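> Okay, handing you the structure first.
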2 protein chains.
Amino acid sequence: MSGRGDILVVGSIALDSVRTPYGAATDVLGGSAAYFSLSAIHFAPVRVVAVVGEDFPAEHRARFEARGVDLSGLETAAGRTFRWRGEYTAELGHAHTLETQLNVFSSFHPRLDPAHREAPYAFLANIDPDLQLEVLAQMKKPKLVLSDTMNYWIARKPDRVLEVLRRVDVALLNEEEARALAGETLLVRAADRLIELGAKAVIVKKGEHGAIYRDPEARYLTPAFPVEALRDPTGAGDSFAGGFLGWLARAGAGDGNALCQALACGTTMASLAIEDFSPRRLVETDPDEIADRVRLLHRMVHYDLQREFS
Amino acid sequence: MSGRGDILVVGSIALDSVRTPYGAATDVLGGSAAYFSLSAIHFAPVRVVAVVGEDFPAEHRARFEARGVDLSGLETAAGRTFRWRGEYTAELGHAHTLETQLNVFSSFHPRLDPAHREAPYAFLANIDPDLQLEVLAQMKKPKLVLSDTMNYWIARKPDRVLEVLRRVDVALLNEEEARALAGETLLVRAADRLIELGAKAVIVKKGEHGAIYRDPEARYLTPAFPVEALRDPTGAGDSFAGGFLGWLARAGAGDGNALCQALACGTTMASLAIEDFSPRRLVETDPDEIADRVRLLHRMVHYDLQREFS
């Protein structure tokens with residue numbers, strides 16, 4: 001065993017059909033657990049708990065295995081794999097969902113084996129908050145659990161979403177979700193409100209504006225890595241989560257410096273994911289490319305505070 | 001003489017009537033040169049070139065003088081002072097202009113005396129780009145000139161706005177203006193495009209998302225100072241400009257470290273301005289309050305790049 005902590009991810013593996021102003025793709029590998037695991041695996045060992053149908057292509061499975069992602073928790077159920085069809089307009093901020101076929105995902109109940117239960121790090125992707133709480137109940141003293149959510153659950157089960165926020169260590173939300181859940185327009189106030197409501201820490205993902213971290217004591221911020229060749233924003237948030245939690249698992253620390261570095265790793269992995277359809281770039285990238293982007297992000301914000309202010 | 005370089009600002013002094021979700025104010029001190037000078041004066045000497053009418057209240061003039069702003073270039077013309085009336089809705093992003101009375105401002109042609117012409121630093125606020133070029137033509141080798149603009153001029157005189165961008169050292173734009181002038185939706189590409197079009201450096205102001213600096217070699221970013229008590233966003237951009245150019249004039253340097261520090265001073269002064277109507281908070285603040293905010297901004301982004309990436 002290296003010093004790196006194992007990461008458990010519970011989420012979806014899907015076949016996505018996506019259209020953007022820069023192209024289109026049909027039935028390509030997608031889903032929160034796919035983007036997350038292929039991002040986090042660059043930093044630490046990852047175990048996936050998810051479900052696919054009997055039609056899930058062997059070549060997709062092979063991609064995870066080639067990268068060393070542990071698929072022993074990937075259940076194959078009778079029926080078809082979860083499918084999502086969506087498109088992005090020129091604004092690129094939001095996906096318009098055209099069709100969702102839950103298929104085998106509709107009856108998914110995550111089953112954790114002993115190795116999963118003992119993972120020190122976990123990511124609860126944007127599944128039903130009741131399922132997220134089921135997973136939490138099965139885990140044995142994890143060091144750090146990160147959650148995600150989506151507007152769908154905030155609108156339908158706000159109390160359960162808040163319960164998840166109170167139980168995990170860090171909750172990820174995008175701008176719209178943070179505003180909706182907090183009932184505040186200004187992001188600064190929305191983040192404050194979520195802390196007042198009992199969240200231990202939140203990260204608000206702001207797309208091209210980067211991401212902010214807030215806990216009762218501190219605020220940190222990362223710019224977004226400046227992507228010129230954006231092709232498909234799908235999976236940006238889960239890839240961010242993979243880089244963020246991946247770094248914390250690798251570093252084994254959760255102090256301010258580690259959190260800032262983790263934010264930079266998150267936005268770096270998101271920047272790679274959106275340069276092509278499906279998690280292709282996450283599979284193809286290497287440590288040098290990742291380090292180059294992380295260094296550039298650091299240069300964008302790093303300066304010595306002048307004597308006058310210190 | 002201290003080591004601080006004098007700053008010239010050419011812009012408007014106005015009487016503003018503003019309504020926001022948090023209150024309203026009638027005929028209060030406003031205008032780009034007012035916000036800029038009362039912000040920059042905390043860092044370096046400032047000389048104003050502007051025009052007011054015979055109705056301009058002596059108490060407003062006294063506010064500048066109490067702070068040491070040089071008003072020898074403030075012309076009093078026959079007629080009424082420039083008036084602006086606007087309101088902000090709950091989103092707070094954009095002012096809705098209800099009425100603009102140019103009054104004495106309609107025939108304003110900036111006249112620079114020798115002290116103005118020799119100022120090493122200058123801010124050309126969002127006046128007609130032809131007037132900005134007139135001012136530039138009168139100046140003797142300034143060290144650094146900063147410009148601002150607005151959608152009104154981008155729509156009517158895009159070529160002249162671009163000519164200003166090519167002639168000044170740093171051009172300030174907000175998100176919308178950068179997108180409109182560059183014809184690009186993504187901000188990263190919009191900033192790149194402005195550099196391709198000949199701008200030496202641009203700063204894109206993003207409100208609660210902070211500001212980005214871009215020149216052909218470097219990109220820097222500052223988060224916005226997290227304001228809880230926002231009351232009136234009027235003047236945020238000009239107050240930002242005052243802190244930014246003020247710091248560069250005080251530091252006498254324009255390297256990456258100085259630019260980052262200047263961005264932090266800019267967003268600090270903007271955060272003060274928007275906590276009350278008119279530039280009241282800029283007048284009342286002191287070096288300790290400014291330094292506290294600058295330090296907090298530094299803590300939000302500062303971390304040591306981990307060995308793995310360096």
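FYI, nothing fancy with the structure tokens labels: chains A, B, ... in order, residues from 1 per chain, ligands from 1 as they appear.
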Give me the residues near Leu181 (chain A) as an mmCIF file with C-alpha atoms, in the first residue's frame, where near means some atom within 8 Å (using only C-alpha atoms) and where sequence neighbours in that chain fewer than 4 positions away do not count.


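Dumped to result-v9.cif:
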```cif
data_model
loop_
_atom_site.group_PDB
_atom_site.id
_atom_site.type_symbol
_atom_site.label_atom_id
_atom_site.label_comp_id
_atom_site.auth_asym_id
_atom_site.auth_seq_id
_atom_site.Cartn_x
_atom_site.Cartn_y
_atom_site.Cartn_z
ATOM 1 C CA ILE A 154 -33.344 20.339 -4.620
ATOM 2 C CA PRO A 158 -34.842 19.869 -0.308
ATOM 3 C CA GLU A 177 -28.116 24.947 -7.154
ATOM 4 C CA LEU A 194 -25.716 26.907 3.519
#
```

> When you look at Asp255 (chain B) with a cut-off of 12 Å (counting only C-alpha atoms), what residues show up, excluding the ones that are within fewer than 3 positions of it in the same chain? I need them as number ranges by chain.

A: 303-304; B: 215, 217-218, 220, 248, 251-252, 258-262

> Counting only C-alpha atoms, which residues of chain A come no farther than 7 Å from chain B, as a list in words?

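Result: Glu91, Thr185, Val188, Arg189, His209, Arg219, Tyr220, Leu221, Thr222, Pro223, Pro226, Glu228, Asn257, Cys260, Gln261, Ala291, Val294, Arg295, His298, Met300, Val301, His302, Tyr303, Asp304, Leu305, Phe309 and Ser310 of chain A.
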
> Give me, as a list in words, all polymer residues having an atom no more than 8 Å from Gly30 (chain A), counting only C-alpha atoms and skipping those fewer than 5 positions away in the same chain.

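Once the nearby chain positions are removed, what remains is Ile13, Ala14, Leu15, Asp16, Tyr35, Gly235, Ser278 and Pro279 of chain A.
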
> Take the residues from that selection and put them in a file with C-alpha atoms, as a compact mmCIF listing (two decimals), in the first residue's frame.


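The resulting file, again-v3.txt, is reproduced below:
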```
# COMPACT_ATOMS: atom_id res chain seq x y z
CA ILE A 13 -22.45 5.01 -15.55
CA ALA A 14 -24.35 6.04 -18.67
CA LEU A 15 -24.40 6.12 -22.42
CA ASP A 16 -24.65 9.78 -23.45
CA TYR A 35 -16.09 11.18 -15.24
CA GLY A 235 -18.96 15.95 -16.93
CA SER A 278 -17.05 11.72 -23.26
CA PRO A 279 -14.16 11.37 -20.75
```

> Can you pull out the residues contacting Leu124 (chain A)? Cut-off 8 Å, using only C-alpha atoms, and skip same-chain residues under 6 positions away; I want them as a compact mmCIF listing (two decimals) with all heavy atoms, in the first residue's frame.


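Wrote it out as out.txt, contents follow:
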```
# COMPACT_ATOMS: atom_id res chain seq x y z
N VAL A 9 -16.53 5.80 -5.18
CA VAL A 9 -17.52 6.67 -5.83
C VAL A 9 -18.79 5.87 -6.07
O VAL A 9 -18.74 4.74 -6.56
CB VAL A 9 -16.99 7.30 -7.14
CG1 VAL A 9 -16.43 6.26 -8.10
CG2 VAL A 9 -18.11 8.08 -7.85
N VAL A 10 -19.93 6.47 -5.70
CA VAL A 10 -21.22 5.87 -5.98
C VAL A 10 -21.98 6.84 -6.88
O VAL A 10 -22.20 8.00 -6.49
CB VAL A 10 -22.02 5.62 -4.68
CG1 VAL A 10 -23.36 4.97 -5.00
CG2 VAL A 10 -21.22 4.77 -3.71
N GLY A 11 -22.31 6.38 -8.08
CA GLY A 11 -22.98 7.28 -9.02
C GLY A 11 -23.45 6.53 -10.24
O GLY A 11 -23.69 5.32 -10.17
N GLN A 132 -27.95 8.50 -1.27
CA GLN A 132 -26.70 9.02 -0.70
C GLN A 132 -26.64 8.72 0.80
O GLN A 132 -25.59 8.32 1.32
CB GLN A 132 -26.59 10.54 -0.95
CG GLN A 132 -26.42 10.89 -2.43
CD GLN A 132 -26.35 12.39 -2.67
OE1 GLN A 132 -27.11 13.17 -2.07
NE2 GLN A 132 -25.44 12.83 -3.53
N VAL A 145 -15.90 12.74 3.15
CA VAL A 145 -16.93 12.42 2.15
C VAL A 145 -17.34 13.71 1.43
O VAL A 145 -17.62 14.74 2.07
CB VAL A 145 -18.16 11.77 2.80
CG1 VAL A 145 -19.23 11.47 1.74
CG2 VAL A 145 -17.77 10.49 3.53
N LEU A 146 -17.37 13.63 0.10
CA LEU A 146 -17.77 14.74 -0.77
C LEU A 146 -19.09 14.35 -1.42
O LEU A 146 -19.27 13.21 -1.83
CB LEU A 146 -16.68 14.90 -1.84
CG LEU A 146 -16.85 15.96 -2.93
CD1 LEU A 146 -16.74 17.37 -2.34
CD2 LEU A 146 -15.79 15.76 -4.02
N SER A 147 -20.03 15.30 -1.49
CA SER A 147 -21.30 15.00 -2.14
C SER A 147 -21.55 15.95 -3.29
O SER A 147 -20.98 17.03 -3.36
CB SER A 147 -22.45 15.15 -1.14
OG SER A 147 -22.64 16.52 -0.81
N ASP A 148 -22.40 15.53 -4.21
CA ASP A 148 -22.88 16.41 -5.27
C ASP A 148 -24.40 16.34 -5.23
O ASP A 148 -24.98 15.47 -4.56
CB ASP A 148 -22.36 15.93 -6.62
CG ASP A 148 -22.55 16.97 -7.72
OD1 ASP A 148 -22.83 18.15 -7.40
OD2 ASP A 148 -22.42 16.61 -8.90
```

> Using the chain letters and numbers from this document, which residues of region 22-155 of chain A does DSSP assign to alpha helix (DSSP H), as a PyMOL selection string?

chain A and resi 32-40+58-66+114-117+129-138+151-155

> Please, what distance in Å, to one decimal, runs between CA of Arg83 (chain B) and CA of Leu165 (chain B)?

27.5 Å

> Quick check, in Å to one decimal: how far apart do CA of Arg280 (chain A) and CA of Val18 (chain A) lie?

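Interatomic distance, CA of Arg280 (chain A) to CA of Val18 (chain A): 14.0 Å.
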
> With DSSP run on the backbone, what are the strand (DSSP E) residues within region 30-141 of chain A? I'd like them as a PyMOL selection string.

chain A and resi 30+46-53+70-77+83-88+95-101+121-124

> Within 6 Å of Phe244 (chain A), counting only C-alpha atoms, which residues show up once you throw out same-chain ones fewer than 4 positions away? Write them as a PyMOL selection string, please.

chain A and resi 262-263+265-266

> Kindly give the distance, in Å, that separates CA of Asp128 (chain A) and CA of Gly79 (chain A), rounded to a single decimal.

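Rounded to one decimal, the two atoms are 20.5 Å apart.
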
> Between A:Ala50, A:Ala33, A:Leu98, A:Leu8, which is the closest to Ser239 (chain A) once you count only C-alpha atoms?

A:Ala33

> Using only C-alpha atoms, can you tell me which of B:Ala62, B:Arg179, B:Gly246, B:Ser39 comes closest to Ser271 (chain B)?

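Of B:Ala62, B:Arg179, B:Gly246, B:Ser39, the one nearest Ser271 (chain B) is B:Ser39, counting only C-alpha atoms.
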